[in-house]
>>> print(open('run27.txt').read())   # compact mmCIF, C-alpha atoms
# COMPACT_ATOMS: atom_id res chain seq x y z
CA MET A 200 -63.54 220.13 -69.54
CA GLU A 201 -65.04 219.59 -66.12
CA PRO A 202 -68.20 217.44 -66.05
CA HIS A 203 -71.48 219.04 -65.07
CA GLU A 204 -72.48 216.55 -62.39
CA ASN A 205 -71.86 217.11 -58.69
CA ILE A 206 -70.02 220.39 -59.12
CA VAL A 207 -70.43 223.21 -56.63
CA PRO A 208 -68.46 226.43 -56.27
CA CYS A 209 -65.49 226.43 -53.95
CA GLN A 210 -65.52 228.26 -50.65
CA CYS A 211 -63.72 231.50 -51.50
CA PRO A 212 -63.11 233.83 -48.54
CA SER A 213 -62.70 237.54 -49.15
CA ASP A 214 -59.93 238.01 -46.57
CA PHE A 215 -56.92 235.72 -46.29
CA GLY A 216 -55.16 237.58 -43.49
CA GLU A 217 -52.05 238.32 -45.54
CA GLU A 218 -51.30 241.16 -47.94
CA LEU A 219 -49.58 240.42 -51.23
CA PRO A 220 -46.42 242.54 -51.59
CA ARG A 221 -46.30 244.83 -54.60
CA GLU A 222 -43.18 243.10 -55.88
CA MET A 223 -45.01 239.77 -55.98
CA TYR A 224 -47.94 241.26 -57.87
CA LEU A 225 -45.37 242.49 -60.40
CA ALA A 226 -43.61 239.11 -60.40
CA ALA A 227 -46.85 237.45 -61.53
CA LYS A 228 -47.45 240.24 -64.04
CA HIS A 229 -44.01 239.79 -65.59
CA GLY A 230 -44.05 235.98 -65.47
CA GLN A 231 -41.23 235.67 -62.93
CA LEU A 232 -42.05 232.09 -62.02
CA ARG A 233 -38.88 231.45 -60.06
CA LYS A 234 -39.57 234.43 -57.80
CA ILE A 235 -43.14 233.25 -57.23
CA LYS A 236 -41.95 229.75 -56.31
CA GLN A 237 -39.45 231.17 -53.84
CA TYR A 238 -42.13 233.38 -52.29
CA LEU A 239 -44.60 230.53 -51.87
CA GLY A 240 -41.82 228.20 -50.73
CA LYS A 241 -41.40 230.41 -47.66
CA GLY A 242 -44.93 229.57 -46.56
CA HIS A 243 -46.79 232.60 -47.90
CA ASP A 244 -50.45 232.22 -48.84
CA VAL A 245 -51.03 231.73 -52.57
CA ASN A 246 -54.35 233.54 -52.13
CA ALA A 247 -52.92 236.69 -50.53
CA CYS A 248 -54.18 239.88 -52.21
CA ASP A 249 -52.71 243.36 -52.52
CA GLU A 250 -54.41 246.57 -51.40
CA ASP A 251 -56.72 246.37 -54.43
CA SER A 252 -57.70 242.78 -53.56
CA CYS A 253 -55.71 241.50 -56.53
CA SER A 254 -54.06 238.08 -56.17
CA LEU A 255 -51.19 236.33 -57.94
CA LEU A 256 -53.73 234.53 -60.11
CA ALA A 257 -55.53 237.75 -61.01
CA SER A 258 -52.27 239.48 -61.91
CA ALA A 259 -51.22 236.56 -64.12
CA CYS A 260 -54.62 236.55 -65.85
CA ILE A 261 -54.45 240.29 -66.53
CA ALA A 262 -50.96 240.01 -68.04
CA ASN A 263 -51.62 236.80 -70.02
CA ARG A 264 -49.01 234.80 -68.10
CA LEU A 265 -50.26 231.33 -68.96
CA GLU A 266 -47.23 229.60 -67.43
CA VAL A 267 -47.92 231.28 -64.08
CA VAL A 268 -51.61 230.34 -64.20
CA ARG A 269 -50.70 226.72 -64.92
CA PHE A 270 -48.22 226.66 -62.05
CA LEU A 271 -50.77 228.14 -59.62
CA HIS A 272 -53.28 225.52 -60.73
CA ARG A 273 -50.97 222.87 -59.26
CA ILE A 274 -51.74 224.23 -55.79
CA PRO A 275 -54.92 222.55 -54.46
CA HIS A 276 -55.85 225.31 -51.99
CA LEU A 277 -55.77 228.06 -54.63
CA HIS A 278 -59.02 230.07 -54.70
CA ARG A 279 -60.13 231.07 -58.19
CA ASN A 280 -63.38 232.96 -57.58
CA VAL A 281 -61.89 235.72 -55.43
CA ARG A 282 -63.08 239.19 -56.45
CA ASP A 283 -61.03 242.39 -56.41
CA TRP A 284 -62.11 245.91 -55.42
CA SER A 285 -64.40 246.18 -58.47
CA GLY A 286 -65.82 242.70 -58.02
CA ASP A 287 -63.85 241.24 -60.93
CA THR A 288 -62.58 237.66 -60.80
CA PRO A 289 -59.46 236.33 -62.55
CA LEU A 290 -61.73 234.88 -65.27
CA MET A 291 -63.29 238.31 -65.83
CA HIS A 292 -59.86 239.90 -66.21
CA ALA A 293 -58.76 237.33 -68.78
CA ALA A 294 -62.06 237.64 -70.66
CA ARG A 295 -61.79 241.44 -70.79
CA MET A 296 -58.19 241.36 -72.03
CA GLY A 297 -58.91 238.74 -74.69
CA HIS A 298 -56.52 236.14 -73.31
CA LYS A 299 -58.10 233.06 -74.85
CA GLU A 300 -55.54 230.49 -73.68
CA VAL A 301 -55.77 231.72 -70.10
CA VAL A 302 -59.57 231.56 -70.24
CA GLU A 303 -59.37 228.00 -71.59
CA GLU A 304 -56.97 227.04 -68.81
CA LEU A 305 -59.30 228.46 -66.16
CA LEU A 306 -62.35 226.74 -67.62
CA MET A 307 -60.82 223.37 -68.38
CA CYS A 308 -58.39 222.77 -65.53
CA PRO A 309 -59.75 220.15 -63.09
CA HIS A 310 -59.20 221.98 -59.81
CA PRO A 311 -60.85 221.65 -56.38
CA CYS A 312 -61.86 225.31 -56.52
CA ARG A 313 -64.65 225.19 -59.08
CA LEU A 314 -65.17 228.30 -61.17
CA ASN A 315 -68.47 230.12 -60.90
CA VAL A 316 -68.99 231.69 -64.31
CA ASP A 317 -72.13 233.48 -63.12
CA ILE A 318 -70.45 235.69 -60.55
CA GLN A 319 -71.30 239.35 -61.11
CA ASN A 320 -68.93 242.23 -60.46
CA SER A 321 -69.87 245.57 -58.90
CA TYR A 322 -71.39 246.66 -62.22
CA GLU A 323 -73.53 243.51 -62.45
CA ASP A 324 -71.45 242.14 -65.32
CA LYS A 325 -70.46 238.50 -65.73
CA ALA A 326 -67.35 237.18 -67.46
CA GLU A 327 -69.39 236.35 -70.55
CA SER A 328 -70.91 239.83 -70.87
CA ILE A 329 -67.51 241.41 -70.19
CA ALA A 330 -66.02 239.42 -73.08
CA ILE A 331 -68.83 240.56 -75.40
CA ALA A 332 -68.43 244.20 -74.37
CA SER A 333 -64.69 243.91 -75.07
CA SER A 334 -65.35 242.48 -78.56
CA ASN A 335 -64.00 239.09 -77.54
CA GLU A 336 -66.88 237.05 -78.94
CA GLU A 337 -64.87 233.83 -79.21
CA ILE A 338 -64.09 233.95 -75.51
CA ALA A 339 -67.73 234.73 -74.75
CA ARG A 340 -68.72 231.57 -76.63
CA LEU A 341 -66.16 229.56 -74.68
CA ILE A 342 -67.67 230.72 -71.41
CA GLN A 343 -71.22 230.27 -72.67
CA ASN A 344 -70.55 226.72 -73.84
CA THR A 345 -68.69 225.59 -70.75
CA ARG A 346 -70.21 222.63 -68.95
CA LEU A 347 -69.69 224.23 -65.56
CA PRO A 348 -72.96 224.68 -63.64
CA ARG A 349 -74.97 227.85 -64.23
CA LEU A 350 -75.51 228.96 -60.65
CA GLN A 351 -77.19 232.09 -59.38
CA TRP A 352 -74.59 234.15 -57.55
CA HIS A 353 -75.13 235.81 -54.21
CA PRO A 354 -72.48 237.15 -51.76
CA ASP A 355 -72.66 234.22 -49.34
CA LEU A 356 -72.67 231.47 -51.95
CA CYS A 357 -69.09 230.35 -51.41
CA HIS A 358 -69.62 230.13 -47.67
CA THR A 359 -72.76 228.02 -47.83
CA LEU A 360 -71.74 225.31 -50.26
CA VAL A 361 -69.31 222.46 -49.72
CA PRO A 362 -66.08 222.58 -51.76
CA ALA A 363 -65.40 219.81 -54.24
CA LYS A 364 -63.07 216.97 -53.39
CA MET A 365 -59.43 217.74 -54.03
CA PRO A 366 -57.67 215.72 -56.73
CA GLU A 367 -54.29 214.13 -56.14
CA ALA A 368 -51.57 216.76 -56.43
CA GLU A 369 -49.05 216.40 -59.24
CA VAL A 370 -45.52 215.75 -58.03
CA ILE A 371 -43.11 218.41 -59.28
CA PHE A 372 -39.43 217.56 -59.75
CA GLU A 373 -37.42 220.75 -59.84
CA CYS A 374 -33.84 221.91 -59.37
CA ASN A 375 -33.02 223.17 -55.87
CA ILE A 376 -31.20 226.21 -57.27
CA CYS A 377 -33.23 227.65 -60.16
CA LEU A 378 -36.51 226.05 -59.03
CA GLU A 379 -37.23 225.14 -62.65
CA GLU A 380 -38.64 221.72 -63.48
CA TYR A 381 -36.11 219.21 -64.76
CA ASP A 382 -36.16 218.24 -68.42
CA THR A 383 -34.12 215.95 -70.66
CA ARG A 384 -31.89 218.66 -72.12
CA GLU A 385 -30.45 221.82 -70.53
CA ARG A 386 -32.03 221.04 -67.17
CA ARG A 387 -31.28 217.33 -67.14
CA PRO A 388 -30.84 216.18 -63.51
CA ARG A 389 -27.34 215.20 -62.43
CA VAL A 390 -26.32 213.78 -59.08
CA LEU A 391 -23.42 214.83 -56.86
CA SER A 392 -21.47 212.53 -54.55
CA CYS A 393 -23.46 213.88 -51.58
CA GLY A 394 -26.61 212.45 -53.15
CA HIS A 395 -28.29 215.72 -54.07
CA SER A 396 -29.38 216.37 -57.65
CA LEU A 397 -29.20 219.65 -59.55
CA CYS A 398 -29.91 220.57 -63.14
CA THR A 399 -27.15 220.63 -65.75
CA THR A 400 -27.48 224.38 -66.31
CA CYS A 401 -26.99 225.23 -62.63
CA ILE A 402 -24.12 222.78 -62.21
CA SER A 403 -22.35 224.53 -65.08
CA MET A 404 -22.43 227.72 -63.04
CA LEU A 405 -21.10 225.93 -59.94
CA VAL A 406 -17.99 224.45 -61.57
CA ASN A 407 -15.02 226.31 -60.11
CA HIS A 408 -11.44 225.25 -60.88
CA GLY A 409 -12.36 221.59 -61.15
CA HIS A 410 -14.58 221.52 -58.08
CA VAL A 411 -18.32 221.64 -57.48
CA VAL A 412 -19.83 222.57 -54.11
CA CYS A 413 -23.40 221.37 -53.56
CA ALA A 414 -25.78 224.29 -53.15
CA VAL A 415 -27.96 222.24 -50.80
CA CYS A 416 -25.56 220.78 -48.21
CA ARG A 417 -22.37 222.70 -49.15
CA GLY A 418 -20.50 219.43 -49.59
CA THR A 419 -17.74 219.25 -52.22
CA HIS A 420 -18.10 216.67 -54.99
CA ASN A 421 -15.50 213.94 -54.48
CA LYS A 422 -14.14 213.98 -58.05
CA ALA A 423 -12.63 216.63 -60.29
CA VAL A 424 -15.17 218.27 -62.60
CA SER A 425 -14.32 220.35 -65.65
CA ARG A 426 -17.85 220.59 -67.00
CA ALA A 427 -21.37 219.76 -65.85
CA THR A 428 -21.61 216.71 -68.10
CA ASP A 429 -18.80 215.08 -66.08
CA LEU A 430 -21.37 214.42 -63.37
CA PRO A 431 -23.55 211.32 -63.71
CA VAL A 432 -27.17 211.69 -64.76
CA ASN A 433 -29.81 210.92 -62.16
CA TYR A 434 -31.36 208.25 -64.36
CA GLU A 435 -34.31 207.62 -62.08
CA LEU A 436 -35.40 211.26 -62.37
CA ASP A 437 -34.38 211.36 -66.02
CA LYS A 438 -36.68 208.44 -66.80
CA ILE A 439 -39.61 210.20 -65.13
CA MET A 440 -39.00 213.38 -67.13
CA GLN A 441 -38.74 211.41 -70.39
CA GLU A 442 -42.04 209.69 -69.65
CA ARG A 443 -43.69 213.04 -68.94
CA GLN A 444 -42.38 214.63 -72.12
CA HIS A 445 -43.14 211.60 -74.29
CA PRO A 446 -46.16 209.83 -72.77
CA SER A 447 -47.02 206.54 -74.42
>>> encode(input="run27.txt", output="structure tokens")
Amino acid sequence: MEPHENIVPCQCPSDFGEELPREMYLAAKHGQLRKIKQYLGKGHDVNACDEDSCSLLASACIANRLEVVRFLHRIPHLHRNVRDWSGDTPLMHAARMGHKEVVEELLMCPHPCRLNVDIQNSYEDKAESIAIASSNEEIARLIQNTRLPRLQWHPDLCHTLVPAKMPEAEVIFECNICLEEYDTRERRPRVLSCGHSLCTTCISMLVNHGHVVCAVCRGTHNKAVSRATDLPVNYELDKIMQERQHPS
């Protein structure tokens, strides 16, 4: 959990100059991680909100999409204290819905945008009181016992305090087709003669009458291929994935 010392809330603007499309709100709600990655990969703002001021993070917190929340946490410029039309933050949504794992992720993830657990919504409720009112006492205790600073909220707080220093971003190794992170099994990275790597699952779908055309450069692999496992493993990437899955 984040240490108490030298923590201040992040600067969280209320307007990001871009509206979140309805389909992307639903993508976060339904846990469509690939679609979200493609959307953000085109340069869209991760903090964009829909007409109700609801962001990707808020949608994921409402729907208990822990995998989406964890992915969004990898993005250093994500804002986590943004409030929707009713003044609710993503933490408030998760607390109201009883999504304990999402609440734990929000509280414990070391992220440059520090949570402010004392933000009040339009009804002067905090995340802790919302959890209690929703009969989610365990979540209320989690919020109450967090070591995040207990700061008095006012509308200009995020604009007057300096954001915390950003940590080093985690490097993500993912397939260029499915945008899923490589692993040591179905998505084991394999390399084509052009030098590009793809996951085993996607290569299986590319095999066509003994040939494989790279989805990145459109080059044809220089040897006959009857199945994905005919292609050599990218052992450098494979070693990294093994170390991540089985840290010493």
>>> residues_around(input="run27.txt", residues="A:Val301", least_positions_apart="5", cutoff="9 Å", atoms="only C-alpha atoms", output="list in words")
Ala259, Cys260, Asn263, Arg264, Leu265, Val268, Arg269, Leu290, Ala293, Ala294 and Leu306 of chain A
>>> closest_residue(input="run27.txt", among="A:His410, A:His420, A:His276, A:Lys325", to="A:Arg295", atoms="only C-alpha atoms")
A:Lys325
>>> closest_residue(input="run27.txt", among="A:Cys393, A:Ile376, A:Cys308, A:Val281", to="A:Leu405", atoms="all atoms listed in the file")
A:Ile376
>>> residues_around(input="run27.txt", residues="A:Asn375", least_positions_apart="5", cutoff="10 Å", atoms="all atoms listed in the file", output="list of chain:residue names")
A:Glu380, A:His395, A:Ser396, A:Leu397, A:Cys398, A:Cys401, A:Ala414, A:Val415
>>> atom_distance(input="run27.txt", atom1="atom CA of A:Glu385", atom2="atom CA of A:Thr400")
5.8 Å
>>> atom_distance(input="run27.txt", atom1="atom CA of A:Met440", atom2="atom CA of A:Ala227")
25.9 Å
>>> closest_residue(input="run27.txt", among="A:Asn421, A:Gln441, A:Ser285, A:Thr345", to="A:Glu323", atoms="all atoms listed in the file")
A:Ser285
>>> closest_residue(input="run27.txt", among="A:Pro388, A:Asn407, A:Gly297, A:Cys377", to="A:Ser334", atoms="all atoms listed in the file")
A:Gly297
>>> atom_distance(input="run27.txt", atom1="atom CA of A:Gly230", atom2="atom CA of A:Leu277")
17.8 Å
>>> closest_residue(input="run27.txt", among="A:Asp382, A:Tyr238, A:Ser392, A:Cys413", to="A:Glu442", atoms="all atoms listed in the file")
A:Asp382
>>> residues_around(input="run27.txt", residues="A:Asp324", least_positions_apart="5", cutoff="10 Å", atoms="all atoms listed in the file", output="list in words")
Gly286, Asp287, Met291, Asp317, Ile318, Gln319, Ile329, Ala330 and Ala332 of chain A
>>> closest_residue(input="run27.txt", among="A:Ile338, A:Leu391, A:Leu378, A:Ile261", to="A:Arg417", atoms="all atoms listed in the file")
A:Leu391
>>> axis_aligned_box(input="run27.txt", around="stretch 327-345 of chain A", padding_each_side="3 Å", output="JSON")
{"center_x": -67.6, "center_y": 234.9, "center_z": -74.7, "size_x": 13.2, "size_y": 24.6, "size_z": 15.0}
